[in-house]
file upload.tsv (TSV, C-alpha atoms)
chain	number	residue	atom	x	y	z
K	22	MET	CA	-28.84	164.18	24.61
K	23	PRO	CA	-29.39	165.33	21.00
K	24	GLU	CA	-26.48	164.88	18.60
K	25	ILE	CA	-26.21	165.85	14.93
K	26	VAL	CA	-24.41	163.23	12.83
K	27	PRO	CA	-23.96	162.62	9.09
K	28	VAL	CA	-25.87	159.65	7.72
K	29	GLU	CA	-25.75	157.84	4.39
K	30	LEU	CA	-29.03	156.69	2.85
K	31	THR	CA	-29.08	154.29	-0.09
K	32	LEU	CA	-32.37	154.63	-2.00
K	33	PRO	CA	-33.57	153.70	-5.49
K	34	SER	CA	-32.47	157.17	-6.65
K	35	GLY	CA	-28.92	156.61	-5.43
K	36	THR	CA	-26.78	157.09	-2.34
K	37	TRP	CA	-27.29	160.33	-0.42
K	38	VAL	CA	-25.57	162.02	2.50
K	39	THR	CA	-27.51	164.18	4.97
K	40	LEU	CA	-27.57	165.12	8.66
K	41	HIS	CA	-29.64	163.40	11.34
K	42	GLN	CA	-30.30	164.76	14.82
K	43	ARG	CA	-30.43	161.82	17.16
K	44	ASP	CA	-32.87	162.12	20.07
K	45	TRP	CA	-34.28	165.24	18.43
K	46	ASP	CA	-37.46	164.98	20.49
K	47	ASP	CA	-35.38	165.73	23.60
K	48	ALA	CA	-34.14	169.01	22.09
K	49	ASP	CA	-35.47	172.09	23.88
K	50	ASP	CA	-35.81	174.12	20.68
K	51	ASP	CA	-37.66	174.13	17.35
K	52	SER	CA	-35.22	171.92	15.48
K	53	LEU	CA	-36.32	168.59	13.99
K	54	ALA	CA	-34.75	165.24	13.16
K	55	PHE	CA	-33.17	165.89	9.74
K	56	LEU	CA	-31.54	168.53	7.61
K	57	GLY	CA	-34.51	169.60	5.52
K	58	GLY	CA	-37.66	171.65	5.17
K	59	ASP	CA	-41.07	171.74	3.47
K	60	ASP	CA	-41.61	167.99	3.85
K	61	ALA	CA	-38.25	167.20	2.27
K	62	VAL	CA	-34.88	165.88	3.42
K	63	TYR	CA	-31.98	167.89	2.02
K	64	ALA	CA	-29.34	165.40	0.92
K	65	PHE	CA	-26.31	165.38	-1.38
K	66	PRO	CA	-24.37	162.87	-3.46
K	67	SER	CA	-21.18	163.45	-1.45
K	68	ALA	CA	-19.94	164.53	1.96
K	69	ALA	CA	-18.07	167.42	0.32
K	70	GLU	CA	-21.31	168.86	-1.08
K	71	LEU	CA	-23.07	168.39	2.26
K	72	SER	CA	-20.18	170.16	4.01
K	73	SER	CA	-20.30	173.09	1.62
K	74	TYR	CA	-24.07	173.49	1.98
K	75	ALA	CA	-23.96	173.25	5.78
K	76	GLY	CA	-21.17	175.82	6.03
K	77	GLY	CA	-23.18	178.54	4.32
K	78	ASN	CA	-26.87	177.82	4.97
K	79	ASP	CA	-29.07	178.10	8.08
K	80	ASP	CA	-32.53	178.00	6.47
K	81	HIS	CA	-33.54	174.45	7.37
K	82	HIS	CA	-34.89	172.45	10.31
K	83	LEU	CA	-31.51	172.07	12.03
K	84	GLY	CA	-30.76	175.79	11.92
K	85	ALA	CA	-32.70	176.38	15.16
K	86	SER	CA	-30.57	173.93	17.14
K	87	PRO	CA	-27.90	175.31	19.51
K	88	LEU	CA	-25.72	172.52	18.11
K	89	TRP	CA	-25.82	173.97	14.60
K	90	PRO	CA	-23.02	176.61	14.93
K	91	SER	CA	-20.57	173.87	15.92
K	92	VAL	CA	-21.74	171.70	13.01
K	93	LYS	CA	-20.98	174.55	10.60
K	94	ARG	CA	-17.43	174.74	11.95
K	95	ARG	CA	-16.70	171.08	11.27
K	96	PHE	CA	-14.13	170.11	8.70
K	97	ARG	CA	-15.14	168.49	5.44
K	98	ASP	CA	-14.00	165.02	6.56
K	99	ASP	CA	-16.31	165.27	9.57
K	100	PHE	CA	-19.31	165.10	7.22
K	101	THR	CA	-18.41	161.60	6.05
K	102	PRO	CA	-20.82	159.09	7.63
K	103	SER	CA	-19.39	156.19	9.58
K	104	ALA	CA	-20.30	152.60	8.71
K	105	GLU	CA	-22.75	152.48	11.61
K	106	ASN	CA	-24.52	155.54	10.21
K	107	SER	CA	-24.94	154.12	6.71
K	108	TYR	CA	-28.31	152.60	5.79
K	109	ASP	CA	-29.25	150.62	2.68
K	110	LEU	CA	-33.01	151.14	2.49
K	111	THR	CA	-33.51	149.44	-0.85
K	112	ARG	CA	-34.32	146.16	0.89
K	113	PRO	CA	-36.06	145.38	4.20
K	114	THR	CA	-33.71	144.95	7.16
K	115	GLU	CA	-34.26	145.10	10.88
K	116	ARG	CA	-31.48	147.64	11.18
K	117	GLY	CA	-32.93	149.93	8.53
K	118	GLN	CA	-36.53	149.92	9.71
K	119	ASP	CA	-35.95	152.35	12.58
K	120	MET	CA	-34.25	154.85	10.27
K	121	LEU	CA	-36.98	154.46	7.67
K	122	ALA	CA	-39.62	154.96	10.37
K	123	GLU	CA	-37.87	158.13	11.57
K	124	LEU	CA	-37.83	159.46	8.02
K	125	LEU	CA	-41.56	158.77	7.65
K	126	VAL	CA	-42.33	160.54	10.92
K	127	TYR	CA	-40.16	163.52	9.92
K	128	LEU	CA	-41.94	163.69	6.54
K	129	ARG	CA	-45.32	163.37	8.33
K	130	MET	CA	-46.28	160.31	6.33
K	131	GLU	CA	-49.07	158.09	7.65
K	132	VAL	CA	-49.34	154.37	7.04
K	133	PRO	CA	-51.71	153.97	4.06
K	134	GLU	CA	-55.17	152.56	4.54
K	135	GLY	CA	-56.80	149.76	2.60
K	136	ASP	CA	-54.48	146.87	3.49
K	137	ASP	CA	-53.64	145.06	6.69
K	138	TRP	CA	-50.32	146.75	7.41
K	139	SER	CA	-50.75	146.99	11.17
K	140	LEU	CA	-48.63	143.94	12.00
K	141	HIS	CA	-45.80	144.81	9.61
K	142	PRO	CA	-42.44	145.28	11.45
K	143	LEU	CA	-42.04	148.73	9.89
K	144	ALA	CA	-45.45	149.83	11.13
K	145	ARG	CA	-44.57	148.62	14.60
K	146	ALA	CA	-41.39	150.70	14.49
K	147	MET	CA	-43.35	153.90	13.95
K	148	PRO	CA	-44.32	155.76	17.15
K	149	GLN	CA	-48.09	155.29	16.90
K	150	PRO	CA	-48.91	153.06	19.89
K	151	SER	CA	-52.51	154.19	19.98
K	152	LEU	CA	-53.10	153.10	16.38
K	153	ILE	CA	-50.84	150.12	15.90
K	154	PRO	CA	-51.40	146.92	17.91
K	155	VAL	CA	-48.45	145.17	19.50
K	156	TYR	CA	-47.57	141.86	17.86
K	157	THR	CA	-44.80	139.54	18.96
K	158	GLY	CA	-45.42	136.44	16.86
K	159	ALA	CA	-42.53	135.15	14.75
K	160	ASP	CA	-44.67	133.79	11.91
K	161	TYR	CA	-45.98	137.10	10.56
K	162	ARG	CA	-46.04	137.25	6.77
K	163	LEU	CA	-46.28	140.27	4.49
K	164	PRO	CA	-49.76	140.87	3.02
K	165	GLU	CA	-50.16	138.99	-0.24
K	166	GLY	CA	-50.41	140.89	-3.51
K	167	GLY	CA	-49.58	144.47	-4.32
K	168	THR	CA	-46.74	146.61	-3.01
K	169	THR	CA	-45.41	145.83	0.43
K	170	LEU	CA	-45.40	148.48	3.15
K	171	TRP	CA	-41.61	148.69	2.92
K	172	ASP	CA	-41.79	149.37	-0.83
K	173	TRP	CA	-44.41	152.05	-0.26
K	174	ALA	CA	-42.34	153.70	2.50
K	175	VAL	CA	-39.15	153.70	0.44
K	176	SER	CA	-40.93	155.18	-2.57
K	177	GLU	CA	-42.36	157.99	-0.44
K	178	VAL	CA	-38.98	158.76	1.13
K	179	ASN	CA	-37.20	158.43	-2.21
K	180	ALA	CA	-39.44	161.14	-3.69
K	181	ARG	CA	-38.59	163.55	-0.87
K	182	VAL	CA	-34.81	163.10	-0.48
K	183	GLY	CA	-32.45	165.22	-2.58
K	184	PRO	CA	-30.82	168.64	-2.96
K	185	PRO	CA	-32.63	171.65	-1.45
K	186	PRO	CA	-35.07	173.53	-3.71
K	187	SER	CA	-32.55	176.24	-4.54
K	188	ALA	CA	-30.17	173.55	-5.85
K	189	GLU	CA	-27.39	175.98	-4.99
K	190	VAL	CA	-24.58	174.17	-3.25
K	191	SER	CA	-21.68	176.35	-2.18
K	192	ALA	CA	-19.01	176.94	-4.82
K	193	LEU	CA	-16.57	175.26	-2.44
K	194	VAL	CA	-17.73	171.91	-3.86
K	195	MET	CA	-15.92	172.25	-7.18
K	196	ALA	CA	-13.61	175.02	-6.04
K	197	THR	CA	-9.96	175.62	-6.85
K	198	PRO	CA	-7.50	175.23	-3.96
K	199	VAL	CA	-6.50	178.62	-2.56
K	200	GLU	CA	-2.80	178.12	-3.32
K	201	GLU	CA	-3.56	177.69	-7.03
K	202	VAL	CA	-5.23	181.12	-7.13
K	203	ALA	CA	-2.84	183.06	-4.88
K	204	SER	CA	0.71	181.74	-5.11
K	205	GLY	CA	2.18	180.76	-1.74
K	206	VAL	CA	-1.05	181.32	0.21
K	207	GLU	CA	-2.27	178.44	2.38
K	208	SER	CA	-5.45	177.94	4.37
K	209	LEU	CA	-4.77	177.36	8.06
K	210	TRP	CA	-6.94	176.29	11.01
K	211	VAL	CA	-5.73	176.85	14.56
K	212	GLY	CA	-7.58	175.70	17.66
K	213	LEU	CA	-6.88	178.01	20.56
K	214	ASP	CA	-8.73	178.96	23.74
K	215	ASN	CA	-11.70	176.77	22.77
K	216	ALA	CA	-12.18	178.46	19.40
K	217	GLY	CA	-11.28	177.34	15.90
K	218	ALA	CA	-9.70	180.06	13.75
K	219	HIS	CA	-9.73	179.78	9.94
K	220	THR	CA	-7.12	182.11	8.46
K	221	LEU	CA	-4.47	182.36	5.70
K	222	VAL	CA	-0.68	182.22	5.85
K	223	VAL	CA	2.31	182.56	3.55
K	224	ARG	CA	5.33	180.64	4.85
K	225	ASP	CA	8.73	182.14	4.10
K	226	ASP	CA	11.50	180.96	6.40
K	227	GLU	CA	13.91	183.62	5.12
K	228	THR	CA	11.79	186.76	5.45
K	229	GLY	CA	9.29	185.47	8.00
K	230	TRP	CA	5.75	184.19	7.71
K	231	VAL	CA	2.91	186.51	6.72
K	232	PHE	CA	-0.56	186.00	8.18
K	233	LEU	CA	-3.88	187.44	7.07
K	234	GLY	CA	-4.14	190.76	8.88
K	235	GLU	CA	-1.79	193.53	9.90
K	236	PRO	CA	1.30	192.92	12.06
K	237	GLY	CA	-0.05	192.73	15.60
K	238	ASN	CA	-3.26	190.88	14.74
K	239	VAL	CA	-4.50	187.89	12.76
K	240	VAL	CA	-7.81	188.02	10.92
K	241	ALA	CA	-9.79	184.80	11.29
K	242	ALA	CA	-13.27	183.38	10.79
K	243	GLY	CA	-15.11	180.57	12.51
K	244	SER	CA	-15.69	178.69	9.25
K	245	ALA	CA	-14.14	178.28	5.81
K	246	ALA	CA	-17.27	179.88	4.32
K	247	GLY	CA	-16.89	182.87	6.63
K	248	LEU	CA	-13.24	183.27	5.67
K	249	MET	CA	-14.17	183.08	1.99
K	250	ALA	CA	-16.84	185.77	2.45
K	251	PHE	CA	-14.38	188.12	4.13
K	252	VAL	CA	-11.45	187.58	1.76
K	253	SER	CA	-13.38	187.42	-1.51
K	254	HIS	CA	-16.02	190.07	-0.84
K	255	GLY	CA	-14.98	192.02	2.27
K	256	GLN	CA	-14.16	195.74	2.25
K	257	ASP	CA	-10.93	195.76	4.28
K	258	PRO	CA	-8.20	197.64	2.33
K	259	LEU	CA	-5.56	195.05	3.23
K	260	LEU	CA	-7.32	192.62	0.88
K	261	ASP	CA	-6.45	194.70	-2.17
K	262	SER	CA	-2.72	194.14	-1.71
K	263	GLU	CA	-0.51	191.12	-2.30
K	264	PRO	CA	-0.65	188.27	-1.56
K	265	TRP	CA	-4.43	188.37	-0.99
K	266	GLN	CA	-5.53	190.42	-4.00
K	267	PRO	CA	-5.84	187.47	-6.45
K	268	LEU	CA	-8.58	186.06	-4.22
K	269	ARG	CA	-10.80	189.14	-4.52
K	270	GLY	CA	-14.19	188.69	-6.13
K	271	ARG	CA	-13.81	184.93	-6.44
K	272	ASP	CA	-16.57	182.48	-5.54
K	273	ASP	CA	-14.72	179.40	-6.76
K	274	VAL	CA	-11.91	179.13	-4.20
K	275	ASP	CA	-11.66	176.31	-1.66
K	276	PHE	CA	-10.66	177.78	1.71
K	277	GLU	CA	-10.75	174.42	3.53
K	278	PRO	CA	-7.30	173.65	5.04
K	279	TYR	CA	-5.41	170.47	4.29
K	280	GLU	CA	-4.97	168.05	7.17
K	281	ASP	CA	-1.39	169.10	7.87
K	282	ASN	CA	-2.57	172.73	8.19
K	283	VAL	CA	-4.98	171.85	11.00
K	284	VAL	CA	-3.26	172.53	14.34
K	285	ASP	CA	-5.26	172.27	17.56
K	286	LEU	CA	-3.14	173.99	20.20
K	287	ASP	CA	-5.74	173.29	22.89
K	288	GLU	CA	-5.64	169.55	22.22
K	289	LEU	CA	-1.84	169.56	22.12
K	290	GLY	CA	-1.79	171.28	25.50
K	291	ARG	CA	-4.00	168.57	26.96
K	292	SER	CA	-1.49	165.95	25.82
K	293	LEU	CA	1.24	167.38	28.05
K	294	GLY	CA	1.84	164.87	30.82
K	295	PRO	CA	3.74	161.73	31.75
K	296	GLY	CA	1.63	159.65	29.33
K	297	LEU	CA	2.84	161.59	26.28
K	298	ASP	CA	3.84	159.24	23.46
K	299	ARG	CA	6.09	159.59	20.44
K	300	GLU	CA	3.27	160.64	18.11
K	301	GLY	CA	2.18	163.35	20.54
K	302	ALA	CA	5.75	164.56	20.89
K	303	GLU	CA	6.09	164.86	17.11
K	304	ALA	CA	2.85	166.87	16.94
K	305	LEU	CA	4.07	169.26	19.65
K	306	LEU	CA	7.42	169.76	17.91
K	307	GLY	CA	5.58	170.36	14.64
K	308	ALA	CA	3.51	173.14	16.24
K	309	ARG	CA	6.49	174.97	17.68
K	310	GLN	CA	7.42	176.91	14.54
K	311	LEU	CA	3.81	177.95	13.96
K	312	MET	CA	3.54	179.33	17.50
K	313	GLN	CA	6.82	181.17	17.21
K	314	GLU	CA	6.01	182.64	13.79
K	315	LEU	CA	2.62	183.75	15.11
K	316	ALA	CA	4.32	185.31	18.13
K	317	ILE	CA	6.75	187.23	15.90
K	318	TRP	CA	3.90	188.46	13.64
K	319	LEU	CA	1.85	189.49	16.65
K	320	GLY	CA	4.76	191.05	18.55
K	321	LEU	CA	4.34	188.73	21.54
K	322	ASP	CA	7.83	188.59	23.03
K	323	ASP	CA	6.66	186.56	26.04
K	324	VAL	CA	5.57	183.74	23.74
K	325	THR	CA	8.85	183.82	21.84
K	326	THR	CA	11.00	183.71	24.98
K	327	ALA	CA	8.87	180.93	26.52
K	328	PHE	CA	10.58	178.58	24.08
K	329	ASP	CA	14.10	179.63	25.14
K	330	GLU	CA	16.18	176.74	26.46
K	331	ASP	CA	16.44	178.23	29.94
K	332	ARG	CA	12.64	178.29	30.35
K	333	PRO	CA	10.55	175.25	31.45
K	334	LEU	CA	8.67	175.00	28.15
K	335	GLY	CA	11.72	175.56	25.96
K	336	ARG	CA	13.85	173.10	27.93
K	337	PHE	CA	11.08	170.51	27.64
K	338	PHE	CA	11.03	170.96	23.86
K	339	VAL	CA	14.78	170.77	23.20
K	340	ARG	CA	15.48	167.96	25.64
K	341	ASP	CA	12.53	165.74	26.54
K	342	LEU	CA	10.49	165.95	23.34
K	343	LEU	CA	13.51	165.40	21.12
K	344	ASP	CA	14.58	162.40	23.19
K	345	LEU	CA	11.08	160.93	22.98
K	346	VAL	CA	10.93	161.40	19.20
K	347	THR	CA	14.38	159.91	18.63
K	348	GLY	CA	13.51	156.87	20.75
K	349	SER	CA	15.86	157.52	23.65
K	350	SER	CA	15.53	154.85	26.35
K	351	LEU	CA	15.73	157.57	29.01
K	352	ALA	CA	12.81	159.63	27.70
K	353	ALA	CA	9.87	157.69	29.15
K	354	GLY	CA	11.44	157.44	32.61
K	355	ARG	CA	12.27	161.12	32.68
K	356	LEU	CA	8.71	162.05	31.72
K	357	ARG	CA	7.40	160.18	34.76
K	358	GLU	CA	9.64	162.25	37.04
K	359	LEU	CA	9.11	165.58	35.30
K	360	ASP	CA	7.13	168.41	36.94
K	361	PHE	CA	4.63	169.25	34.19
K	362	GLU	CA	2.86	172.02	36.08
K	363	PRO	CA	5.11	174.92	34.93
K	364	ILE	CA	5.27	173.44	31.41
K	365	VAL	CA	1.49	173.24	31.07
K	366	ALA	CA	1.04	176.71	32.61
K	367	SER	CA	3.53	178.20	30.14
K	368	TRP	CA	1.85	176.50	27.17
K	369	GLN	CA	-1.60	177.69	28.21
K	370	ALA	CA	-0.31	181.25	28.71
K	371	CYS	CA	1.20	181.22	25.22
K	372	VAL	CA	-2.04	179.97	23.67
K	373	SER	CA	-4.10	182.59	25.52
K	374	ASP	CA	-1.73	185.36	24.40
K	375	LEU	CA	-2.04	184.24	20.77
K	376	ALA	CA	-5.83	184.01	21.05
K	377	SER	CA	-6.05	187.55	22.42
K	378	ARG	CA	-4.71	188.94	19.10
K	379	VAL	CA	-7.21	187.19	16.83
K	380	HIS	CA	-9.59	189.55	15.04
K	381	TRP	CA	-12.79	187.65	14.28
K	382	VAL	CA	-14.72	188.62	11.16
K	383	ASP	CA	-17.80	186.42	11.48
call {"tool": "encode", "arguments": {"input": "upload.tsv", "output": "structure tokens"}}
result
Amino acid sequence: MPEIVPVELTLPSGTWVTLHQRDWDDADDDSLAFLGGDDAVYAFPSAAELSSYAGGNDDHHLGASPLWPSVKRRFRDDFTPSAENSYDLTRPTERGQDMLAELLVYLRMEVPEGDDWSLHPLARAMPQPSLIPVYTGADYRLPEGGTTLWDWAVSEVNARVGPPPSAEVSALVMATPVEEVASGVESLWVGLDNAGAHTLVVRDDETGWVFLGEPGNVVAAGSAAGLMAFVSHGQDPLLDSEPWQPLRGRDDVDFEPYEDNVVDLDELGRSLGPGLDREGAEALLGARQLMQELAIWLGLDDVTTAFDEDRPLGRFFVRDLLDLVTGSSLAAGRLRELDFEPIVASWQACVSDLASRVHWVD
């Protein structure tokens, strides 16, 4: 099953971050193994720059993959390679040879002629069984004199890894946080009904929260880049009024939400059950005000009243969740005896009602 993951490549030119499609040859589309094009791998000095480029560009070899839309919706932290996806290619290693071989195949590089490279471990790692003999001896030595095959391979890859030809990485890379441009405005991501909504909010506990859109709907995009395009350059008249007006015409604003403004209501709903722990209870309690403020903005009375203390969901919040968070000895036992079916059904109904009022702009 193909999977697109961030990888870190250390080369003589420096350390680069790009995207690799594992098992790309099993993909039933025209996508290839790496983010790139024209015999080049598009890579960046940081995960933030990779994230910004991926969020606003489809003209590359991964753009044809059905996985690509979900990659574009990832958060910036999701573009940071794990340790197992980091490769130091400046020196020969057994672990790095497969990645180096994949890069050579992607770049359509052939093993050079003129030297006896056929028994080199790197050559054996390349998928050319008809050209490269199988060798299992442990005493193989690199050919004497001249550049080794590994050095040649690294130099070829090194020359073809770097920023895309346009050299135009999204302005999100060095952008100003949205709240520094428009006072009180925060970027917000809400996961609901299997969709991730990027939007804006102004929190005011005295007068009520204000969301991007008109009362009765929330304007959202599937990516931070899409939200930026709508807010900064869209034609909707609501954008010319406060608090959104300072964001108009700007290409230097970071619309990525901070971690505490990322609330996945779908995932929280899946946590409802007898195995709920203290951390999960705190996350649910933290989401309550957001759901209620959204319900007030959208005019969804059923969502508001679902949290009343005489309703299954509301009673669960004010009694069981609070007991679990405060460390009550009775909480865990009561959770095991609790009928979660009406609680889960009420939560899912609330999330679906909120999702029905989202106006998508990308």
call {"tool": "closest_residue", "arguments": {"input": "upload.tsv", "among": "K:Asn282, K:Ser373, K:Thr220, K:Ser73", "to": "Val252 (chain K)", "atoms": "all atoms listed in the file"}}
result
K:Thr220
call {"tool": "closest_residue", "arguments": {"input": "upload.tsv", "among": "K:Arg355, K:Arg43, K:Arg95, K:His219", "to": "Pro278 (chain K)", "atoms": "all atoms listed in the file"}}
result
K:His219
call {"tool": "residues_around", "arguments": {"input": "upload.tsv", "residues": "Asp44 (chain K)", "least_positions_apart": "4", "cutoff": "9 Å", "atoms": "all atoms listed in the file", "output": "VMD selection string"}}
result
chain K and resid 22 to 24 48 54
call {"tool": "closest_residue", "arguments": {"input": "upload.tsv", "among": "K:Asp374, K:Asp383, K:Glu201, K:Asp172", "to": "Leu213 (chain K)", "atoms": "all atoms listed in the file"}}
result
K:Asp374
call {"tool": "closest_residue", "arguments": {"input": "upload.tsv", "among": "K:Asp257, K:Asp80, K:Glu362, K:Asp344", "to": "Gly290 (chain K)", "atoms": "only C-alpha atoms"}}
result
K:Glu362
call {"tool": "residues_around", "arguments": {"input": "upload.tsv", "residues": "Leu88 (chain K)", "least_positions_apart": "2", "cutoff": "8 Å", "atoms": "all atoms listed in the file", "output": "list in words"}}
result
Glu24, Ile25, Ser86, Pro90, Ser91 and Val92 of chain K
call {"tool": "atom_distance", "arguments": {"input": "upload.tsv", "atom1": "CA of Gly117 (chain K)", "atom2": "CA of Arg94 (chain K)"}}
result
29.5 Å
call {"tool": "atom_distance", "arguments": {"input": "upload.tsv", "atom1": "CA of Val284 (chain K)", "atom2": "CA of Leu305 (chain K)"}}
result
9.6 Å
call {"tool": "atom_distance", "arguments": {"input": "upload.tsv", "atom1": "CA of Gly255 (chain K)", "atom2": "CA of Gly234 (chain K)"}}
result
12.8 Å
call {"tool": "residues_around", "arguments": {"input": "upload.tsv", "residues": "Cys371 (chain K)", "least_positions_apart": "6", "cutoff": "10 Å", "atoms": "only C-alpha atoms", "output": "PDB file with C-alpha atoms, keeping the file's coordinate frame"}}
result
ATOM      1  CA  LEU K 213      -6.880 178.010  20.560  1.00  0.00           C
ATOM      2  CA  LEU K 286      -3.140 173.990  20.200  1.00  0.00           C
ATOM      3  CA  MET K 312       3.540 179.330  17.500  1.00  0.00           C
ATOM      4  CA  GLN K 313       6.820 181.170  17.210  1.00  0.00           C
ATOM      5  CA  ALA K 316       4.320 185.310  18.130  1.00  0.00           C
ATOM      6  CA  LEU K 321       4.340 188.730  21.540  1.00  0.00           C
ATOM      7  CA  ASP K 323       6.660 186.560  26.040  1.00  0.00           C
ATOM      8  CA  VAL K 324       5.570 183.740  23.740  1.00  0.00           C
ATOM      9  CA  THR K 325       8.850 183.820  21.840  1.00  0.00           C
ATOM     10  CA  ALA K 327       8.870 180.930  26.520  1.00  0.00           C
ATOM     11  CA  PHE K 328      10.580 178.580  24.080  1.00  0.00           C
ATOM     12  CA  VAL K 365       1.490 173.240  31.070  1.00  0.00           C
TER      13      VAL K 365
END
call {"tool": "residues_near_point", "arguments": {"input": "upload.tsv", "point": "(-14.9, 183.7, -9.5)", "cutoff": "12 Å", "atoms": "all atoms listed in the file", "output": "ChimeraX atom specification"}}
result
/K:192-193,195-197,202,249,253-254,267-275
call {"tool": "build_atoms", "arguments": {"input": "upload.tsv", "residues": "region 92-108 of chain K", "atoms": "N, CA and C atoms", "output": "CSV table (one decimal), in the coordinates of the input"}}
result
chain,number,residue,atom,x,y,z
K,92,VAL,N,-21.7,172.5,14.2
K,92,VAL,CA,-21.7,171.7,13.0
K,92,VAL,C,-21.2,172.5,11.8
K,93,LYS,N,-21.5,173.7,11.7
K,93,LYS,CA,-21.0,174.6,10.6
K,93,LYS,C,-19.5,174.7,10.6
K,94,ARG,N,-18.9,174.6,11.8
K,94,ARG,CA,-17.4,174.7,12.0
K,94,ARG,C,-16.7,173.4,11.7
K,95,ARG,N,-17.4,172.3,11.5
K,95,ARG,CA,-16.7,171.1,11.3
K,95,ARG,C,-15.9,171.1,10.0
K,96,PHE,N,-14.9,170.2,9.9
K,96,PHE,CA,-14.1,170.1,8.7
K,96,PHE,C,-14.9,169.2,7.7
K,97,ARG,N,-14.5,169.2,6.5
K,97,ARG,CA,-15.1,168.5,5.4
K,97,ARG,C,-15.2,167.0,5.7
K,98,ASP,N,-14.1,166.5,6.3
K,98,ASP,CA,-14.0,165.0,6.6
K,98,ASP,C,-15.0,164.6,7.6
K,99,ASP,N,-15.4,165.6,8.5
K,99,ASP,CA,-16.3,165.3,9.6
K,99,ASP,C,-17.7,165.1,9.1
K,100,PHE,N,-18.0,165.3,7.8
K,100,PHE,CA,-19.3,165.1,7.2
K,100,PHE,C,-19.4,163.7,6.5
K,101,THR,N,-18.4,162.9,6.6
K,101,THR,CA,-18.4,161.6,6.0
K,101,THR,C,-19.0,160.6,7.0
K,102,PRO,N,-20.2,160.0,6.7
K,102,PRO,CA,-20.8,159.1,7.6
K,102,PRO,C,-20.0,157.9,8.0
K,103,SER,N,-20.0,157.4,9.2
K,103,SER,CA,-19.4,156.2,9.6
K,103,SER,C,-20.2,155.0,9.1
K,104,ALA,N,-19.6,153.8,9.2
K,104,ALA,CA,-20.3,152.6,8.7
K,104,ALA,C,-21.6,152.4,9.5
K,105,GLU,N,-21.6,152.7,10.8
K,105,GLU,CA,-22.8,152.5,11.6
K,105,GLU,C,-23.9,153.5,11.3
K,106,ASN,N,-23.5,154.5,10.6
K,106,ASN,CA,-24.5,155.5,10.2
K,106,ASN,C,-24.8,155.5,8.7
K,107,SER,N,-24.6,154.3,8.1
K,107,SER,CA,-24.9,154.1,6.7
K,107,SER,C,-26.1,153.1,6.6
K,108,TYR,N,-27.1,153.4,5.8
K,108,TYR,CA,-28.3,152.6,5.8
K,108,TYR,C,-28.7,152.3,4.3
